[in-house]
Structure formats: C-alpha cells, structure tokens
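See below for run.cif, which holds mmCIF, C-alpha atoms and all ligand atoms; chains and numbers go by the auth columns.
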```cif
data_target
#
loop_
_atom_site.group_PDB
_atom_site.id
_atom_site.type_symbol
_atom_site.label_atom_id
_atom_site.label_comp_id
_atom_site.label_asym_id
_atom_site.label_seq_id
_atom_site.Cartn_x
_atom_site.Cartn_y
_atom_site.Cartn_z
_atom_site.B_iso_or_equiv
_atom_site.auth_seq_id
_atom_site.auth_asym_id
ATOM 1 C CA MET A 1 8.988 -6.157 -7.310 0.00 19 R
ATOM 2 C CA LEU A 2 6.192 -8.088 -5.619 0.00 20 R
ATOM 3 C CA GLN A 3 5.239 -5.023 -3.577 0.00 21 R
ATOM 4 C CA GLN A 4 4.763 -2.879 -6.651 0.00 22 R
ATOM 5 C CA ASP A 5 1.585 -1.706 -8.276 0.00 23 R
ATOM 6 C CA CYS A 6 2.362 -3.362 -11.625 0.00 24 R
ATOM 7 C CA HIS A 7 -0.156 -1.250 -13.549 0.00 25 R
ATOM 8 C CA GLY A 8 1.246 1.985 -12.129 0.00 26 R
ATOM 9 C CA VAL A 9 4.844 0.966 -12.759 0.00 27 R
ATOM 10 C CA THR A 10 4.057 0.067 -16.368 0.00 28 R
ATOM 11 C CA TRP A 11 2.407 3.443 -16.958 0.00 29 R
ATOM 12 C CA ALA A 12 5.281 5.270 -15.277 0.00 30 R
ATOM 13 C CA TYR A 13 7.630 3.667 -17.809 0.00 31 R
ATOM 14 C CA ALA A 14 5.246 4.490 -20.659 0.00 32 R
ATOM 15 C CA LYS A 15 4.963 8.136 -19.577 0.00 33 R
ATOM 16 C CA ALA A 16 8.726 8.423 -19.200 0.00 34 R
ATOM 17 C CA ALA A 17 9.213 6.952 -22.680 0.00 35 R
ATOM 18 C CA GLN A 18 6.629 9.349 -24.115 0.00 36 R
ATOM 19 C CA SER A 19 8.405 12.290 -22.534 0.00 37 R
ATOM 20 C CA LEU A 20 11.523 11.156 -24.420 0.00 38 R
ATOM 21 C CA GLY A 21 9.663 11.079 -27.726 0.00 39 R
ATOM 22 C CA ALA A 22 8.297 7.529 -27.847 0.00 40 R
ATOM 23 C CA THR A 23 4.803 6.820 -29.136 0.00 41 R
ATOM 24 C CA VAL A 24 2.638 4.408 -27.186 0.00 42 R
ATOM 25 C CA VAL A 25 0.061 2.591 -29.295 0.00 43 R
ATOM 26 C CA GLN A 26 -2.569 0.627 -27.394 0.00 44 R
ATOM 27 C CA HIS A 27 -5.106 -1.983 -28.470 0.00 45 R
ATOM 28 C CA THR A 28 -2.945 -3.015 -31.386 0.00 46 R
ATOM 29 C CA LYS A 29 -1.984 -6.625 -31.939 0.00 47 R
ATOM 30 C CA VAL A 30 1.316 -7.610 -33.494 0.00 48 R
ATOM 31 C CA GLU A 31 0.466 -10.362 -35.933 0.00 49 R
ATOM 32 C CA ARG A 32 3.706 -11.021 -37.793 0.00 50 R
ATOM 33 C CA LEU A 33 7.400 -10.268 -37.427 0.00 51 R
ATOM 34 C CA THR A 34 9.702 -10.535 -40.402 0.00 52 R
ATOM 35 C CA GLN A 35 13.409 -9.881 -40.147 0.00 53 R
ATOM 36 C CA LEU A 36 14.619 -7.510 -42.829 0.00 54 R
ATOM 37 C CA PRO A 37 17.829 -8.250 -44.742 0.00 55 R
ATOM 38 C CA ASP A 38 21.199 -6.699 -43.873 0.00 56 R
ATOM 39 C CA GLY A 39 20.315 -6.057 -40.238 0.00 57 R
ATOM 40 C CA ALA A 40 17.800 -3.415 -41.209 0.00 58 R
ATOM 41 C CA GLY A 41 15.513 -4.471 -38.372 0.00 59 R
ATOM 42 C CA TRP A 42 12.064 -5.946 -38.487 0.00 60 R
ATOM 43 C CA GLU A 43 8.873 -5.507 -40.386 0.00 61 R
ATOM 44 C CA VAL A 44 6.125 -5.486 -37.784 0.00 62 R
ATOM 45 C CA VAL A 45 2.680 -6.301 -39.095 0.00 63 R
ATOM 46 C CA THR A 46 -0.173 -5.320 -36.776 0.00 64 R
ATOM 47 C CA ASN A 47 -3.924 -5.352 -37.099 0.00 65 R
ATOM 48 C CA HIS A 48 -3.692 -1.585 -37.540 0.00 66 R
ATOM 49 C CA GLY A 49 -0.939 -1.419 -40.116 0.00 67 R
ATOM 50 C CA THR A 50 2.708 -2.200 -40.701 0.00 68 R
ATOM 51 C CA CYS A 51 5.855 -0.462 -39.471 0.00 69 R
ATOM 52 C CA THR A 52 9.548 -1.219 -39.282 0.00 70 R
ATOM 53 C CA ALA A 53 11.553 -1.401 -36.092 0.00 71 R
ATOM 54 C CA GLU A 54 15.274 -1.494 -35.452 0.00 72 R
ATOM 55 C CA HIS A 55 14.665 -3.686 -32.399 0.00 73 R
ATOM 56 C CA VAL A 56 11.699 -5.696 -31.202 0.00 74 R
ATOM 57 C CA VAL A 57 11.277 -6.407 -27.498 0.00 75 R
ATOM 58 C CA ASN A 58 9.053 -9.340 -26.650 0.00 76 R
ATOM 59 C CA ALA A 59 7.086 -8.282 -23.558 0.00 77 R
ATOM 60 C CA GLY A 60 4.154 -10.493 -24.435 0.00 78 R
ATOM 61 C CA GLY A 61 3.734 -11.952 -20.947 0.00 79 R
ATOM 62 C CA LEU A 62 1.243 -14.792 -21.148 0.00 80 R
ATOM 63 C CA TRP A 63 1.524 -14.569 -24.945 0.00 81 R
ATOM 64 C CA ALA A 64 5.328 -14.347 -25.046 0.00 82 R
ATOM 65 C CA ARG A 65 5.522 -17.854 -26.514 0.00 83 R
ATOM 66 C CA GLU A 66 3.302 -16.868 -29.419 0.00 84 R
ATOM 67 C CA VAL A 67 5.183 -13.611 -30.017 0.00 85 R
ATOM 68 C CA GLY A 68 8.538 -15.409 -29.844 0.00 86 R
ATOM 69 C CA ALA A 69 7.309 -17.955 -32.384 0.00 87 R
ATOM 70 C CA MET A 70 6.629 -15.092 -34.830 0.00 88 R
ATOM 71 C CA ALA A 71 10.390 -14.494 -34.814 0.00 89 R
ATOM 72 C CA GLY A 72 11.173 -18.206 -35.003 0.00 90 R
ATOM 73 C CA VAL A 73 12.106 -18.383 -31.319 0.00 91 R
ATOM 74 C CA HIS A 74 10.808 -21.121 -29.036 0.00 92 R
ATOM 75 C CA LEU A 75 10.453 -19.793 -25.497 0.00 93 R
ATOM 76 C CA PRO A 76 10.200 -22.581 -22.918 0.00 94 R
ATOM 77 C CA LEU A 77 7.546 -20.838 -20.841 0.00 95 R
ATOM 78 C CA LEU A 78 4.772 -22.495 -18.898 0.00 96 R
ATOM 79 C CA PRO A 79 2.035 -20.329 -17.370 0.00 97 R
ATOM 80 C CA MET A 80 1.027 -21.422 -13.904 0.00 98 R
ATOM 81 C CA ALA A 81 -2.131 -20.866 -11.910 0.00 99 R
ATOM 82 C CA HIS A 82 -1.409 -18.561 -8.988 0.00 100 R
ATOM 83 C CA HIS A 83 -3.599 -17.680 -6.007 0.00 101 R
ATOM 84 C CA TYR A 84 -3.898 -14.888 -3.552 0.00 102 R
ATOM 85 C CA LEU A 85 -6.502 -13.805 -1.018 0.00 103 R
ATOM 86 C CA ILE A 86 -7.457 -10.309 0.045 0.00 104 R
ATOM 87 C CA THR A 87 -8.794 -9.822 3.538 0.00 105 R
ATOM 88 C CA GLU A 88 -11.341 -7.311 4.702 0.00 106 R
ATOM 89 C CA PRO A 89 -9.835 -4.053 5.941 0.00 107 R
ATOM 90 C CA TYR A 90 -8.274 -4.207 9.345 0.00 108 R
ATOM 91 C CA ALA A 91 -9.394 -2.044 12.245 0.00 109 R
ATOM 92 C CA GLU A 92 -9.151 1.731 11.864 0.00 110 R
ATOM 93 C CA GLU A 93 -6.496 2.133 14.563 0.00 111 R
ATOM 94 C CA ALA A 94 -4.279 -0.458 12.868 0.00 112 R
ATOM 95 C CA LYS A 95 -4.401 1.314 9.504 0.00 113 R
ATOM 96 C CA ARG A 96 -1.688 3.726 10.583 0.00 114 R
ATOM 97 C CA GLU A 97 0.792 0.913 10.086 0.00 115 R
ATOM 98 C CA GLU A 98 0.988 -0.478 6.580 0.00 116 R
ATOM 99 C CA VAL A 99 1.693 -4.212 6.452 0.00 117 R
ATOM 100 C CA GLN A 100 5.145 -4.379 4.963 0.00 118 R
ATOM 101 C CA PHE A 101 5.801 -6.801 2.146 0.00 119 R
ATOM 102 C CA THR A 102 6.709 -10.029 3.932 0.00 120 R
ATOM 103 C CA VAL A 103 7.830 -13.350 2.496 0.00 121 R
ATOM 104 C CA ASP A 104 7.815 -16.658 4.344 0.00 122 R
ATOM 105 C CA LEU A 105 9.778 -18.911 2.053 0.00 123 R
ATOM 106 C CA ASP A 106 9.626 -21.864 4.475 0.00 124 R
ATOM 107 C CA GLY A 107 5.861 -21.582 4.768 0.00 125 R
ATOM 108 C CA GLY A 108 5.330 -20.661 1.115 0.00 126 R
ATOM 109 C CA SER A 109 3.462 -17.387 1.425 0.00 127 R
ATOM 110 C CA TYR A 110 3.839 -13.641 1.055 0.00 128 R
ATOM 111 C CA MET A 111 1.739 -10.695 2.115 0.00 129 R
ATOM 112 C CA ARG A 112 1.400 -6.970 1.781 0.00 130 R
ATOM 113 C CA SER A 113 -1.170 -4.231 2.274 0.00 131 R
ATOM 114 C CA GLU A 114 -4.060 -4.119 -0.162 0.00 132 R
ATOM 115 C CA ARG A 115 -7.271 -2.093 -0.006 0.00 133 R
ATOM 116 C CA GLY A 116 -6.828 -1.439 3.724 0.00 134 R
ATOM 117 C CA GLY A 117 -6.433 -5.136 4.426 0.00 135 R
ATOM 118 C CA VAL A 118 -3.867 -7.814 3.689 0.00 136 R
ATOM 119 C CA LEU A 119 -3.070 -9.494 0.403 0.00 137 R
ATOM 120 C CA LEU A 120 -1.915 -13.020 1.213 0.00 138 R
ATOM 121 C CA GLY A 121 -0.351 -14.873 -1.699 0.00 139 R
ATOM 122 C CA VAL A 122 0.951 -18.409 -1.741 0.00 140 R
ATOM 123 C CA TYR A 123 3.833 -20.095 -3.485 0.00 141 R
ATOM 124 C CA GLU A 124 1.949 -23.185 -4.596 0.00 142 R
ATOM 125 C CA GLN A 125 3.793 -26.448 -4.006 0.00 143 R
ATOM 126 C CA ASP A 126 1.073 -28.366 -5.799 0.00 144 R
ATOM 127 C CA CYS A 127 1.661 -26.405 -8.991 0.00 145 R
ATOM 128 C CA GLN A 128 -1.007 -26.283 -11.644 0.00 146 R
ATOM 129 C CA PRO A 129 0.116 -25.429 -15.185 0.00 147 R
ATOM 130 C CA TRP A 130 -2.360 -23.460 -17.261 0.00 148 R
ATOM 131 C CA SER A 131 -2.806 -23.718 -21.021 0.00 149 R
ATOM 132 C CA ALA A 132 0.459 -25.571 -21.436 0.00 150 R
ATOM 133 C CA ASP A 133 0.590 -25.590 -25.226 0.00 151 R
ATOM 134 C CA ALA A 134 -0.434 -22.062 -26.145 0.00 152 R
ATOM 135 C CA THR A 135 -2.174 -19.031 -24.715 0.00 153 R
ATOM 136 C CA PRO A 136 -5.365 -18.377 -26.641 0.00 154 R
ATOM 137 C CA TRP A 137 -5.346 -14.894 -28.206 0.00 155 R
ATOM 138 C CA GLU A 138 -8.890 -14.398 -27.009 0.00 156 R
ATOM 139 C CA TYR A 139 -7.933 -15.018 -23.363 0.00 157 R
ATOM 140 C CA GLY A 140 -8.584 -11.734 -21.553 0.00 158 R
ATOM 141 C CA GLU A 141 -5.749 -10.084 -19.617 0.00 159 R
ATOM 142 C CA ASN A 142 -7.997 -9.736 -16.589 0.00 160 R
ATOM 143 C CA GLU A 143 -9.668 -13.120 -16.815 0.00 161 R
ATOM 144 C CA LEU A 144 -9.481 -15.256 -13.721 0.00 162 R
ATOM 145 C CA LEU A 145 -9.589 -18.970 -13.020 0.00 163 R
ATOM 146 C CA PRO A 146 -11.927 -20.639 -10.537 0.00 164 R
ATOM 147 C CA PRO A 147 -10.416 -20.663 -7.042 0.00 165 R
ATOM 148 C CA ASP A 148 -9.044 -24.010 -5.913 0.00 166 R
ATOM 149 C CA LEU A 149 -8.470 -23.592 -2.197 0.00 167 R
ATOM 150 C CA ASP A 150 -7.973 -27.305 -1.540 0.00 168 R
ATOM 151 C CA ARG A 151 -4.809 -27.156 -3.622 0.00 169 R
ATOM 152 C CA ILE A 152 -3.306 -24.347 -1.552 0.00 170 R
ATOM 153 C CA GLU A 153 -4.587 -25.509 1.832 0.00 171 R
ATOM 154 C CA PRO A 154 -1.128 -26.500 3.169 0.00 172 R
ATOM 155 C CA GLU A 155 0.334 -23.058 2.401 0.00 173 R
ATOM 156 C CA LEU A 156 -2.725 -21.301 3.847 0.00 174 R
ATOM 157 C CA LEU A 157 -2.608 -23.352 7.057 0.00 175 R
ATOM 158 C CA ARG A 158 1.053 -22.499 7.507 0.00 176 R
ATOM 159 C CA ALA A 159 0.388 -18.807 6.828 0.00 177 R
ATOM 160 C CA TYR A 160 -2.473 -18.621 9.309 0.00 178 R
ATOM 161 C CA ALA A 161 -0.337 -20.402 11.911 0.00 179 R
ATOM 162 C CA ARG A 162 2.571 -18.038 11.285 0.00 180 R
ATOM 163 C CA TYR A 163 0.414 -14.874 11.357 0.00 181 R
ATOM 164 C CA PRO A 164 -2.380 -15.470 13.929 0.00 182 R
ATOM 165 C CA ALA A 165 -3.700 -11.913 13.425 0.00 183 R
ATOM 166 C CA LEU A 166 -5.119 -13.107 10.097 0.00 184 R
ATOM 167 C CA ASP A 167 -7.746 -15.035 12.059 0.00 185 R
ATOM 168 C CA ASP A 168 -9.429 -11.752 12.952 0.00 186 R
ATOM 169 C CA LEU A 169 -9.883 -10.717 9.327 0.00 187 R
ATOM 170 C CA GLY A 170 -12.552 -12.016 6.984 0.00 188 R
ATOM 171 C CA ILE A 171 -11.696 -12.849 3.382 0.00 189 R
ATOM 172 C CA SER A 172 -13.075 -10.352 0.886 0.00 190 R
ATOM 173 C CA SER A 173 -11.779 -11.925 -2.341 0.00 191 R
ATOM 174 C CA ILE A 174 -10.000 -14.998 -3.615 0.00 192 R
ATOM 175 C CA ILE A 175 -8.034 -14.550 -6.818 0.00 193 R
ATOM 176 C CA ASN A 176 -6.654 -17.308 -9.021 0.00 194 R
ATOM 177 C CA GLY A 177 -5.007 -16.291 -12.273 0.00 195 R
ATOM 178 C CA ALA A 178 -2.541 -17.481 -14.879 0.00 196 R
ATOM 179 C CA ALA A 179 0.946 -16.057 -14.462 0.00 197 R
ATOM 180 C CA CYS A 180 3.910 -16.422 -16.762 0.00 198 R
ATOM 181 C CA ALA A 181 6.573 -15.232 -14.353 0.00 199 R
ATOM 182 C CA PRO A 182 8.715 -16.649 -11.549 0.00 200 R
ATOM 183 C CA ALA A 183 5.799 -16.206 -9.184 0.00 201 R
ATOM 184 C CA ALA A 184 6.555 -19.326 -7.185 0.00 202 R
ATOM 185 C CA PRO A 185 10.227 -19.294 -6.140 0.00 203 R
ATOM 186 C CA ALA A 186 9.608 -21.865 -3.400 0.00 204 R
ATOM 187 C CA ALA A 187 8.204 -24.411 -5.801 0.00 205 R
ATOM 188 C CA GLY A 188 11.424 -26.105 -6.791 0.00 206 R
ATOM 189 C CA ASP A 189 11.834 -27.164 -10.375 0.00 207 R
ATOM 190 C CA ARG A 190 8.228 -26.503 -11.310 0.00 208 R
ATOM 191 C CA VAL A 191 8.580 -22.743 -11.451 0.00 209 R
ATOM 192 C CA PRO A 192 7.878 -20.994 -14.732 0.00 210 R
ATOM 193 C CA ILE A 193 10.997 -20.300 -16.732 0.00 211 R
ATOM 194 C CA CYS A 194 11.759 -16.785 -17.917 0.00 212 R
ATOM 195 C CA ILE A 195 14.587 -16.030 -20.277 0.00 213 R
ATOM 196 C CA ALA A 196 15.726 -12.875 -21.998 0.00 214 R
ATOM 197 C CA LEU A 197 16.837 -12.806 -25.594 0.00 215 R
ATOM 198 C CA CYS A 198 18.885 -9.665 -26.023 0.00 216 R
ATOM 199 C CA ALA A 199 19.117 -9.836 -29.757 0.00 217 R
ATOM 200 C CA ILE A 200 18.425 -12.083 -32.674 0.00 218 R
ATOM 201 C CA ARG A 201 20.902 -11.833 -35.502 0.00 219 R
ATOM 202 C CA ARG A 202 20.409 -14.382 -38.192 0.00 220 R
ATOM 203 C CA PRO A 203 22.473 -14.272 -41.303 0.00 221 R
ATOM 204 C CA ALA A 204 20.526 -12.754 -44.162 0.00 222 R
ATOM 205 C CA ASP A 205 19.327 -15.357 -46.672 0.00 223 R
HETATM 206 C C1 LIG B . -3.120 -13.982 -9.428 0.00 1 J
HETATM 207 C C2 LIG B . -1.810 -13.331 -9.766 0.00 1 J
HETATM 208 C C3 LIG B . -1.166 -12.567 -8.823 0.00 1 J
HETATM 209 C C4 LIG B . 0.012 -11.928 -9.124 0.00 1 J
HETATM 210 N N1 LIG B . 0.592 -11.157 -8.184 0.00 1 J
HETATM 211 C C5 LIG B . 1.676 -10.467 -8.490 0.00 1 J
HETATM 212 C C6 LIG B . 2.249 -9.564 -7.558 0.00 1 J
HETATM 213 O O1 LIG B . 1.760 -9.379 -6.454 0.00 1 J
HETATM 214 N N2 LIG B . 3.355 -8.911 -7.929 0.00 1 J
HETATM 215 C C7 LIG B . 3.922 -9.104 -9.136 0.00 1 J
HETATM 216 O O2 LIG B . 4.928 -8.480 -9.395 0.00 1 J
HETATM 217 N N3 LIG B . 3.405 -9.946 -10.016 0.00 1 J
HETATM 218 C C8 LIG B . 2.318 -10.614 -9.733 0.00 1 J
HETATM 219 N N4 LIG B . 1.776 -11.472 -10.636 0.00 1 J
HETATM 220 C C9 LIG B . 2.479 -11.694 -11.870 0.00 1 J
HETATM 221 C C10 LIG B . 2.276 -10.529 -12.779 0.00 1 J
HETATM 222 O O3 LIG B . 0.910 -10.372 -13.082 0.00 1 J
HETATM 223 C C11 LIG B . 3.060 -10.815 -14.033 0.00 1 J
HETATM 224 O O4 LIG B . 4.369 -11.120 -13.655 0.00 1 J
HETATM 225 C C12 LIG B . 3.068 -9.605 -14.894 0.00 1 J
HETATM 226 O O5 LIG B . 1.765 -9.264 -15.278 0.00 1 J
HETATM 227 C C13 LIG B . 3.903 -9.881 -16.105 0.00 1 J
HETATM 228 O O6 LIG B . 3.925 -8.692 -16.816 0.00 1 J
HETATM 229 P P1 LIG B . 4.284 -8.668 -18.306 0.00 1 J
HETATM 230 O O7 LIG B . 4.206 -7.234 -18.727 0.00 1 J
HETATM 231 O O8 LIG B . 5.553 -9.405 -18.534 0.00 1 J
HETATM 232 O O9 LIG B . 3.160 -9.519 -19.043 0.00 1 J
HETATM 233 P P2 LIG B . 1.585 -9.280 -19.117 0.00 1 J
HETATM 234 O O10 LIG B . 1.060 -8.573 -17.932 0.00 1 J
HETATM 235 O O11 LIG B . 0.995 -10.619 -19.470 0.00 1 J
HETATM 236 O O12 LIG B . 1.427 -8.294 -20.336 0.00 1 J
HETATM 237 C C14 LIG B . 1.706 -8.715 -21.650 0.00 1 J
HETATM 238 C C15 LIG B . 1.087 -7.712 -22.560 0.00 1 J
HETATM 239 O O13 LIG B . 1.473 -8.015 -23.891 0.00 1 J
HETATM 240 C C16 LIG B . 0.339 -7.829 -24.721 0.00 1 J
HETATM 241 N N5 LIG B . 0.495 -8.661 -25.898 0.00 1 J
HETATM 242 C C17 LIG B . 0.634 -10.010 -25.972 0.00 1 J
HETATM 243 N N6 LIG B . 0.755 -10.403 -27.243 0.00 1 J
HETATM 244 C C18 LIG B . 0.675 -9.287 -28.009 0.00 1 J
HETATM 245 C C19 LIG B . 0.701 -9.059 -29.419 0.00 1 J
HETATM 246 N N7 LIG B . 0.856 -10.048 -30.319 0.00 1 J
HETATM 247 N N8 LIG B . 0.587 -7.785 -29.844 0.00 1 J
HETATM 248 C C20 LIG B . 0.458 -6.753 -28.972 0.00 1 J
HETATM 249 N N9 LIG B . 0.420 -6.912 -27.622 0.00 1 J
HETATM 250 C C21 LIG B . 0.525 -8.178 -27.159 0.00 1 J
HETATM 251 C C22 LIG B . -0.852 -8.276 -23.869 0.00 1 J
HETATM 252 O O14 LIG B . -2.051 -7.719 -24.368 0.00 1 J
HETATM 253 C C23 LIG B . -0.455 -7.699 -22.523 0.00 1 J
HETATM 254 O O15 LIG B . -0.887 -6.379 -22.379 0.00 1 J
HETATM 255 C C24 LIG B . 0.585 -12.097 -10.378 0.00 1 J
HETATM 256 C C25 LIG B . -0.062 -12.875 -11.337 0.00 1 J
HETATM 257 C C26 LIG B . -1.256 -13.476 -11.021 0.00 1 J
HETATM 258 C C27 LIG B . -1.973 -14.303 -12.056 0.00 1 J
#
```

Can the structure in the file be given as structure tokens, please?
Amino acid sequence: MLQQDCHGVTWAYAKAAQSLGATVVQHTKVERLTQLPDGAGWEVVTNHGTCTAEHVVNAGGLWAREVGAMAGVHLPLLPMAHHYLITEPYAEEAKREEVQFTVDLDGGSYMRSERGGVLLGVYEQDCQPWSADATPWEYGENELLPPDLDRIEPELLRAYARYPALDDLGISSIINGAACAPAAPAAGDRVPICIALCAIRRPAD
C-alpha cells in the first residue's frame, strides 16, 4: 500500500461505489451516532441533516477515536508524527527508470518515486506521539507539523549510507505529519495500533 497514491485510490473506490448506486456526500460531519432498537441500524446525525444506516463504518482516520466514542467504542489509537523527504528531480536520463518502492527495515527507511525525484520516508525509532488525548475537530487534514530532523537523523544517516546516489540530489521538501496508521513497522511496541470492529450488536434496552 505504501506505493499507492492514497487520494487516487480513495476516489477510485468512491467512483466504483457510485457506479453501483452509492451516494458520496462530502464536507459533511457526522456528529452523533445512535443505535436504533431491534437491530434496525443507526441514526446518523450530521451537520447537514439526519439519516439512518444499516451499518456504519468508522473510517475516521485521525478522528477515528472521536467517531468510535460516538458509538460508545474506545479505540486505542495513538497518532504519531511521521516524516518524509522529497528530493529534487533526478537527471533526465535517469527518469526512464522509476525508483521502485524499496523498504530497508534494518535501516528504518523506505523510498519511492515522487515528482521525478525520490520520496524518502523513515520509520522513526524515536517516536513522537501527536495529540495523544484527542484529535481536534478543527485540525486540518492537510496540516503539517514542523520538521524535526534531529529526531530522525539516525534513520537518515543510515539511508544516505545505504543509497549513496541520494547524495547527488538536493532536498526539495521535508514533510512531517500526524498519521494514525501502522506507518512505523520497525518501531517496535510504539507503533500506532489499528483495529477493526466488524460489527457492534448491543442488546436493545
Ligand atoms: C507524513 C505522512 C506520510 C505518509 N505517507 C504515507 C504513504 O506513503 N503511504 C501510505 O499508505 N500512507 C502514508 N501515510 C499514512 C496515510 O496518510 C494514512 O494511513 C491514511 O491517510 C489513512 O487514511 P484513512 O482514510 O484511514 O484516514 P484519513 O486520511 O485520516 O481520513 C479520515 C477521513 O475521515 C473524515 N472524518 C473524520 N471524522 C469525521 C466525521 N465525524 N464526520 C465525517 N467525516 C469525518 C476526515 O475528514 C477524513 O477525510 C502518511 C502519513 C503521513 C502523516
């Protein structure tokens, strides 16, 4: 999955669902979930109105804890700060070969092609939790955190030693963002936890 264009994949699913009759409603916040009696599903209250749903899927990402809490479910999730760098484009003659998605689990890095250059991500050993208690609703999906290169220096040094060709490429951007996903498989027991709840069936009151 790490090689995917997440935005494109999400829209491919949305388009496929629409072609099967689903309606996609954007810019609408779910504010309350109330389980209806006798397994009749859920009342879903949004800022644009209320509907009922047979099933509710919590795909709230950074806000999954808050959405789970609406259904009385505590999700033990902890967003973590996660870094990657994007290099300047590599030389024209090298562009024929796309850098394949590569993971160095020992060194704690991964890379792939991005904007004609290389995206170099790290699996932070010095993990930094972000907003441990709750994700603010006003936090923007595309907001970023200040880069903290000192924290990821060991992983970067190992990556540059493992891939000397990186030395020839300047850095065009440094990204640090909050991720609520197993983005750091090399980081031992400090990885974010993701769980799936297939169904909630509570006895009707
Ligand atoms: C710097 C960085 C680099 C990353 N690199 C990669 C990578 O290379 N590859 C990769 O696969 N992953 C990467 N990730 C992780 C990836 O971004 C996440 O795994 C992914 O975005 C999770 O998708 P999601 O749909 O589960 O959640 P999100 O992308 O967080 O989406 C959740 C959605 O739910 C909506 N939502 C939340 N609450 C409500 C509500 N109450 N009502 C209505 N809507 C709501 C939000 O508005 C949002 O649109 C990276 C993350 C970061 C921070």

**Q.** Expected selection from the PyMOL selection byres (((not hetatm)) within 9 of (chain J and resi 1)), given as a count of residues only
**A.** 54

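Closest to Cys69 (chain R) among R:Trp148, R:Asp56, R:Leu51, R:Glu116 is R:Leu51, based on all atoms listed in the file.
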
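Applied to this file, the PyMOL selection byres (((chain R and resi 190) around 10) and not hetatm) selects the residues R:Leu103, R:Ile104, R:Thr105, R:Glu106, R:Pro107, R:Gly135, R:Val136, R:Leu187, R:Gly188, R:Ile189, R:Ser191, R:Ile192.
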
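Pairwise distance (CA of Leu95 (chain R), CA of Val43 (chain R)) equals 26.0 Å.
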
Q) From the set R:Tyr108, R:Cys145, R:Glu61, R:Thr153, which residue has the shortest atom-to-atom contact distance to Arg133 (chain R), counting all atoms listed in the file? A) R:Tyr108

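Comparing R:Ala177, R:Ala58, R:Ala183, R:Leu93 by their smallest distance to Thr120 (chain R), the closest is R:Ala177 (using all atoms listed in the file).
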
Q: Can you work out which one of R:Ala32, R:Val42, R:Leu96, R:Ile170 has the shortest atom-to-atom distance to Ala150 (chain R), counting only C-alpha atoms?
A: R:Leu96

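With all atoms listed in the file as the basis for measurement, R:Ala179 is the residue among R:Ala179, R:Ala109, R:Ala152, R:Ala71 that approaches Asp122 (chain R) most closely.
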
If I wrap all listed atoms of region 166-169 of chain R in a box with edges along x, y and z and add 3 Å on each side, what are its centre and edge lengths in Å to one decimal, as AutoDock Vina command-line options?
```
--center_x -6.9 --center_y -25.4 --center_z -3.7 --size_x 10.2 --size_y 9.7 --size_z 10.4
```

(Q) For a test of reading the model, state the distance in Å between CA of Arg176 (chain R) and CA of Gly125 (chain R), rounded to one decimal. (A) 5.6 Å

**Q.** Between CA of Asp151 (chain R) and CA of Pro94 (chain R) - distance in Å to one decimal
**A.** 10.3 Å
